[in-house]
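See below for query-v8.txt, which holds compact mmCIF, N, CA and C atoms.
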# COMPACT_ATOMS: atom_id res chain seq x y z
N LEU A 281 162.99 68.18 92.19
CA LEU A 281 162.61 68.13 93.59
C LEU A 281 161.19 67.62 93.78
N GLY A 282 160.45 67.48 92.70
CA GLY A 282 159.08 67.02 92.82
C GLY A 282 158.11 68.08 93.30
N LEU A 283 158.53 69.35 93.26
CA LEU A 283 157.66 70.45 93.68
C LEU A 283 156.75 70.85 92.54
N PRO A 284 155.53 71.27 92.85
CA PRO A 284 154.67 71.75 91.77
C PRO A 284 155.22 73.04 91.17
N THR A 285 154.98 73.24 89.90
CA THR A 285 155.42 74.46 89.25
C THR A 285 154.56 75.61 89.74
N ARG A 286 155.20 76.68 90.16
CA ARG A 286 154.50 77.87 90.65
C ARG A 286 153.97 78.66 89.46
N PRO A 287 152.78 79.25 89.61
CA PRO A 287 152.30 80.13 88.54
C PRO A 287 153.30 81.27 88.35
N GLU A 288 153.60 81.55 87.10
CA GLU A 288 154.51 82.63 86.74
C GLU A 288 155.84 82.52 87.48
N SER A 289 156.42 81.31 87.49
CA SER A 289 157.70 81.10 88.17
C SER A 289 158.83 81.87 87.50
N PHE A 290 158.57 82.40 86.30
CA PHE A 290 159.58 83.23 85.63
C PHE A 290 159.72 84.59 86.31
N ARG A 291 158.77 84.95 87.17
CA ARG A 291 158.86 86.21 87.90
C ARG A 291 159.63 85.98 89.20
N ALA A 292 160.71 86.71 89.36
CA ALA A 292 161.61 86.49 90.49
C ALA A 292 160.89 86.52 91.84
N ALA A 293 160.03 87.49 92.05
CA ALA A 293 159.37 87.64 93.36
C ALA A 293 158.49 86.44 93.71
N ASN A 294 158.01 85.70 92.71
CA ASN A 294 157.18 84.54 93.00
C ASN A 294 157.95 83.42 93.69
N TRP A 295 159.28 83.47 93.65
CA TRP A 295 160.08 82.47 94.35
C TRP A 295 160.02 82.67 95.86
N LEU A 296 159.46 83.79 96.30
CA LEU A 296 159.29 84.00 97.74
C LEU A 296 158.11 83.21 98.30
N ASN A 297 157.40 82.49 97.43
CA ASN A 297 156.22 81.73 97.84
C ASN A 297 156.46 80.22 97.90
N ILE A 298 157.70 79.78 97.72
CA ILE A 298 157.96 78.34 97.80
C ILE A 298 158.88 78.05 98.98
N GLY A 299 158.88 76.82 99.41
CA GLY A 299 159.76 76.42 100.49
C GLY A 299 159.47 77.13 101.79
N LYS A 300 160.50 77.25 102.61
CA LYS A 300 160.37 77.87 103.93
C LYS A 300 161.26 79.10 104.02
N PRO A 301 160.80 80.14 104.71
CA PRO A 301 161.64 81.33 104.86
C PRO A 301 162.87 81.04 105.71
N VAL A 302 163.95 81.73 105.39
CA VAL A 302 165.23 81.57 106.09
C VAL A 302 165.76 82.96 106.41
N GLU A 303 166.26 83.14 107.62
CA GLU A 303 166.91 84.40 107.99
C GLU A 303 168.31 84.42 107.36
N LEU A 304 168.78 85.61 107.00
CA LEU A 304 170.10 85.73 106.38
C LEU A 304 171.18 85.07 107.23
N ALA A 305 171.11 85.20 108.52
CA ALA A 305 172.12 84.60 109.41
C ALA A 305 172.16 83.08 109.31
N ASN A 306 171.07 82.47 108.83
CA ASN A 306 170.98 81.01 108.73
C ASN A 306 171.05 80.51 107.29
N ALA A 307 171.31 81.40 106.33
CA ALA A 307 171.35 81.00 104.93
C ALA A 307 172.53 80.07 104.67
N ILE A 308 172.29 79.08 103.79
CA ILE A 308 173.34 78.15 103.39
C ILE A 308 173.43 78.15 101.87
N PRO A 309 174.58 77.75 101.34
CA PRO A 309 174.70 77.69 99.88
C PRO A 309 173.58 76.88 99.25
N GLY A 310 172.99 77.45 98.21
CA GLY A 310 171.89 76.79 97.52
C GLY A 310 170.52 77.33 97.87
N ASP A 311 170.41 78.07 98.97
CA ASP A 311 169.12 78.69 99.30
C ASP A 311 168.74 79.67 98.19
N ILE A 312 167.46 79.84 97.97
CA ILE A 312 166.96 80.75 96.94
C ILE A 312 166.87 82.15 97.53
N VAL A 313 167.43 83.12 96.81
CA VAL A 313 167.46 84.50 97.27
C VAL A 313 166.78 85.40 96.25
N VAL A 314 165.94 86.29 96.72
CA VAL A 314 165.33 87.30 95.86
C VAL A 314 165.82 88.67 96.33
N VAL A 315 166.35 89.44 95.39
CA VAL A 315 166.80 90.80 95.67
C VAL A 315 166.08 91.75 94.73
N SER A 316 165.96 93.00 95.15
CA SER A 316 165.39 94.01 94.27
C SER A 316 166.51 94.61 93.43
N ARG A 317 166.16 95.06 92.25
CA ARG A 317 167.12 95.71 91.37
C ARG A 317 166.35 96.68 90.47
N THR A 318 167.06 97.51 89.79
CA THR A 318 166.42 98.45 88.87
C THR A 318 165.57 97.69 87.87
N GLY A 319 164.32 98.05 87.76
CA GLY A 319 163.43 97.40 86.81
C GLY A 319 162.70 96.19 87.35
N GLY A 320 162.91 95.82 88.60
CA GLY A 320 162.20 94.66 89.14
C GLY A 320 162.98 93.94 90.21
N ASN A 321 163.01 92.62 90.09
CA ASN A 321 163.66 91.77 91.08
C ASN A 321 164.58 90.79 90.37
N HIS A 322 165.39 90.09 91.17
CA HIS A 322 166.30 89.09 90.62
C HIS A 322 166.30 87.91 91.58
N VAL A 323 166.34 86.70 91.04
CA VAL A 323 166.40 85.49 91.86
C VAL A 323 167.68 84.74 91.52
N ALA A 324 168.34 84.24 92.55
CA ALA A 324 169.59 83.50 92.37
C ALA A 324 169.80 82.61 93.59
N LEU A 325 170.89 81.88 93.58
CA LEU A 325 171.20 80.97 94.68
C LEU A 325 172.26 81.59 95.59
N PHE A 326 172.04 81.43 96.89
CA PHE A 326 172.97 81.96 97.88
C PHE A 326 174.29 81.21 97.81
N VAL A 327 175.39 81.96 97.83
CA VAL A 327 176.73 81.38 97.91
C VAL A 327 177.32 81.72 99.28
N ARG A 328 177.39 83.04 99.57
CA ARG A 328 177.93 83.47 100.86
C ARG A 328 177.63 84.96 101.05
N ARG A 329 177.85 85.41 102.28
CA ARG A 329 177.77 86.83 102.59
C ARG A 329 179.19 87.33 102.85
N GLU A 330 179.50 88.47 102.30
CA GLU A 330 180.79 89.12 102.55
C GLU A 330 180.50 90.55 102.98
N GLY A 331 180.45 90.76 104.29
CA GLY A 331 180.15 92.09 104.81
C GLY A 331 178.76 92.55 104.41
N ASP A 332 178.68 93.67 103.70
CA ASP A 332 177.37 94.19 103.29
C ASP A 332 176.99 93.74 101.89
N GLN A 333 177.65 92.68 101.41
CA GLN A 333 177.39 92.14 100.08
C GLN A 333 176.92 90.68 100.16
N LEU A 334 175.98 90.32 99.29
CA LEU A 334 175.59 88.94 99.10
C LEU A 334 176.26 88.45 97.84
N VAL A 335 176.89 87.30 97.90
CA VAL A 335 177.44 86.68 96.70
C VAL A 335 176.43 85.62 96.28
N LEU A 336 175.88 85.79 95.09
CA LEU A 336 174.82 84.91 94.59
C LEU A 336 175.25 84.30 93.26
N PHE A 337 174.79 83.08 93.01
CA PHE A 337 175.06 82.39 91.75
C PHE A 337 173.76 82.35 90.97
N GLY A 338 173.78 82.90 89.77
CA GLY A 338 172.56 82.91 89.00
C GLY A 338 172.80 83.20 87.54
N GLY A 339 171.73 83.13 86.80
CA GLY A 339 171.78 83.43 85.37
C GLY A 339 171.42 84.88 85.12
N ASN A 340 171.70 85.32 83.92
CA ASN A 340 171.42 86.69 83.51
C ASN A 340 172.07 87.71 84.44
N GLN A 341 173.27 87.39 84.87
CA GLN A 341 174.09 88.31 85.66
C GLN A 341 175.22 88.73 84.74
N SER A 342 175.15 89.94 84.22
CA SER A 342 176.09 90.41 83.18
C SER A 342 176.06 89.47 81.98
N ASN A 343 174.84 89.04 81.61
CA ASN A 343 174.62 88.17 80.45
C ASN A 343 175.34 86.83 80.55
N ALA A 344 175.49 86.32 81.76
CA ALA A 344 176.16 85.04 81.95
C ALA A 344 175.62 84.35 83.20
N VAL A 345 175.92 83.07 83.33
CA VAL A 345 175.65 82.33 84.56
C VAL A 345 176.93 82.40 85.37
N GLN A 346 176.87 83.10 86.49
CA GLN A 346 178.08 83.33 87.27
C GLN A 346 177.73 83.87 88.65
N GLU A 347 178.75 84.06 89.47
CA GLU A 347 178.55 84.71 90.76
C GLU A 347 178.41 86.21 90.53
N GLY A 348 177.52 86.82 91.31
CA GLY A 348 177.35 88.26 91.27
C GLY A 348 177.22 88.78 92.69
N ARG A 349 177.49 90.05 92.86
CA ARG A 349 177.42 90.68 94.19
C ARG A 349 176.23 91.63 94.23
N PHE A 350 175.51 91.56 95.34
CA PHE A 350 174.33 92.39 95.54
C PHE A 350 174.36 92.92 96.97
N ALA A 351 173.98 94.16 97.15
CA ALA A 351 173.96 94.76 98.48
C ALA A 351 172.93 94.05 99.36
N VAL A 352 173.30 93.81 100.61
CA VAL A 352 172.38 93.19 101.56
C VAL A 352 171.10 94.02 101.65
N SER A 353 171.21 95.32 101.48
CA SER A 353 170.03 96.20 101.59
C SER A 353 168.99 95.93 100.51
N THR A 354 169.35 95.20 99.44
CA THR A 354 168.39 94.88 98.38
C THR A 354 167.66 93.55 98.63
N LEU A 355 168.02 92.86 99.70
CA LEU A 355 167.43 91.54 99.99
C LEU A 355 165.94 91.65 100.24
N LYS A 356 165.17 90.84 99.51
CA LYS A 356 163.72 90.77 99.72
C LYS A 356 163.35 89.52 100.49
N GLY A 357 164.13 88.46 100.35
CA GLY A 357 163.83 87.24 101.08
C GLY A 357 164.70 86.07 100.67
N ILE A 358 164.77 85.09 101.56
CA ILE A 358 165.53 83.86 101.31
C ILE A 358 164.59 82.69 101.61
N ARG A 359 164.63 81.70 100.75
CA ARG A 359 163.76 80.52 100.92
C ARG A 359 164.59 79.25 100.78
N ARG A 360 164.20 78.23 101.49
CA ARG A 360 164.84 76.91 101.40
C ARG A 360 163.82 75.90 100.95
N VAL A 361 164.18 75.14 99.91
CA VAL A 361 163.28 74.08 99.41
C VAL A 361 163.85 72.73 99.74

Please express what this file holds, its structure, as structure tokens.
Amino acid sequence: LGLPTRPESFRAANWLNIGKPVELANAIPGDIVVVSRTGGNHVALFVRREGDQLVLFGGNQSNAVQEGRFAVSTLKGIRRV
């Protein structure tokens, strides 16, 4: 994308500092999502919302790259680049 590398981009929460913020109601597939989880945060790509669940595509989800479900209540932010 030609974006500069963010300091400590390996930290999930730092992805909340790139692109533009997006409200959940306006999220589209591919938007960057940060959720909280036990032990820290997780970053993945938005796929869809199903009720009170976010379906996200990301790595290190059950030791694989796949879709995972996360409670909407864990949402920290959505960004579009």

* Please indicate the distance in Å from CA of Ala293 (chain A) to CA of Arg317 (chain A), rounded to one decimal place. => 11.4 Å

* In Å, rounded to a single decimal, give me how far atom N of Asn340 (chain A) is from atom C of Ser353 (chain A). => 19.9 Å

* Quick one, how far is atom N of Glu303 (chain A) from atom N of Arg359 (chain A)? -> 7.2 Å

* If we count all atoms listed in the file, what is near region 319-336 of chain A at a cut-off of 6.5 Å, once residues fewer than 2 positions away on the same chain are taken out, given as a PyMOL selection string? -> chain A and resi 292-293+308-317+338-339+346-353

* Compile the contact shell of Val302 (chain A) as a VMD selection string: residues with an atom at most 8 Å away, counting all atoms listed in the file, same-chain residues fewer than 4 positions apart removed. => chain A and resid 306 to 308 357 to 360

* Asked: Could you write out, as an MDAnalysis selection string, all the residues of chain A that DSSP marks as strand (DSSP E)?
  -> chainID A and resid 300:301 312:317 320:330 333:338 346:351 355:360

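Note that DSSP on the backbone gives helix (DSSP H, G or I) to these residues of chain A: Ala292, Ala293, Asn294, Trp295, Leu296, Asn297, Leu304, Ala305, Asn306, Val352, Ser353 and Thr354 of chain A.
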
Dump N, CA and C atoms for the selected residues as a PDB file, in the coordinates of the input?
ATOM      1  N   ALA A 292     160.710  86.710  89.360  1.00  0.00           N
ATOM      2  CA  ALA A 292     161.610  86.490  90.490  1.00  0.00           C
ATOM      3  C   ALA A 292     160.890  86.520  91.840  1.00  0.00           C
ATOM      4  N   ALA A 293     160.030  87.490  92.050  1.00  0.00           N
ATOM      5  CA  ALA A 293     159.370  87.640  93.360  1.00  0.00           C
ATOM      6  C   ALA A 293     158.490  86.440  93.710  1.00  0.00           C
ATOM      7  N   ASN A 294     158.010  85.700  92.710  1.00  0.00           N
ATOM      8  CA  ASN A 294     157.180  84.540  93.000  1.00  0.00           C
ATOM      9  C   ASN A 294     157.950  83.420  93.690  1.00  0.00           C
ATOM     10  N   TRP A 295     159.280  83.470  93.650  1.00  0.00           N
ATOM     11  CA  TRP A 295     160.080  82.470  94.350  1.00  0.00           C
ATOM     12  C   TRP A 295     160.020  82.670  95.860  1.00  0.00           C
ATOM     13  N   LEU A 296     159.460  83.790  96.300  1.00  0.00           N
ATOM     14  CA  LEU A 296     159.290  84.000  97.740  1.00  0.00           C
ATOM     15  C   LEU A 296     158.110  83.210  98.300  1.00  0.00           C
ATOM     16  N   ASN A 297     157.400  82.490  97.430  1.00  0.00           N
ATOM     17  CA  ASN A 297     156.220  81.730  97.840  1.00  0.00           C
ATOM     18  C   ASN A 297     156.460  80.220  97.900  1.00  0.00           C
ATOM     19  N   LEU A 304     168.780  85.610 107.000  1.00  0.00           N
ATOM     20  CA  LEU A 304     170.100  85.730 106.380  1.00  0.00           C
ATOM     21  C   LEU A 304     171.180  85.070 107.230  1.00  0.00           C
ATOM     22  N   ALA A 305     171.110  85.200 108.520  1.00  0.00           N
ATOM     23  CA  ALA A 305     172.120  84.600 109.410  1.00  0.00           C
ATOM     24  C   ALA A 305     172.160  83.080 109.310  1.00  0.00           C
ATOM     25  N   ASN A 306     171.070  82.470 108.830  1.00  0.00           N
ATOM     26  CA  ASN A 306     170.980  81.010 108.730  1.00  0.00           C
ATOM     27  C   ASN A 306     171.050  80.510 107.290  1.00  0.00           C
ATOM     28  N   VAL A 352     173.300  93.810 100.610  1.00  0.00           N
ATOM     29  CA  VAL A 352     172.380  93.190 101.560  1.00  0.00           C
ATOM     30  C   VAL A 352     171.100  94.020 101.650  1.00  0.00           C
ATOM     31  N   SER A 353     171.210  95.320 101.480  1.00  0.00           N
ATOM     32  CA  SER A 353     170.030  96.200 101.590  1.00  0.00           C
ATOM     33  C   SER A 353     168.990  95.930 100.510  1.00  0.00           C
ATOM     34  N   THR A 354     169.350  95.200  99.440  1.00  0.00           N
ATOM     35  CA  THR A 354     168.390  94.880  98.380  1.00  0.00           C
ATOM     36  C   THR A 354     167.660  93.550  98.630  1.00  0.00           C
TER      37      THR A 354
END
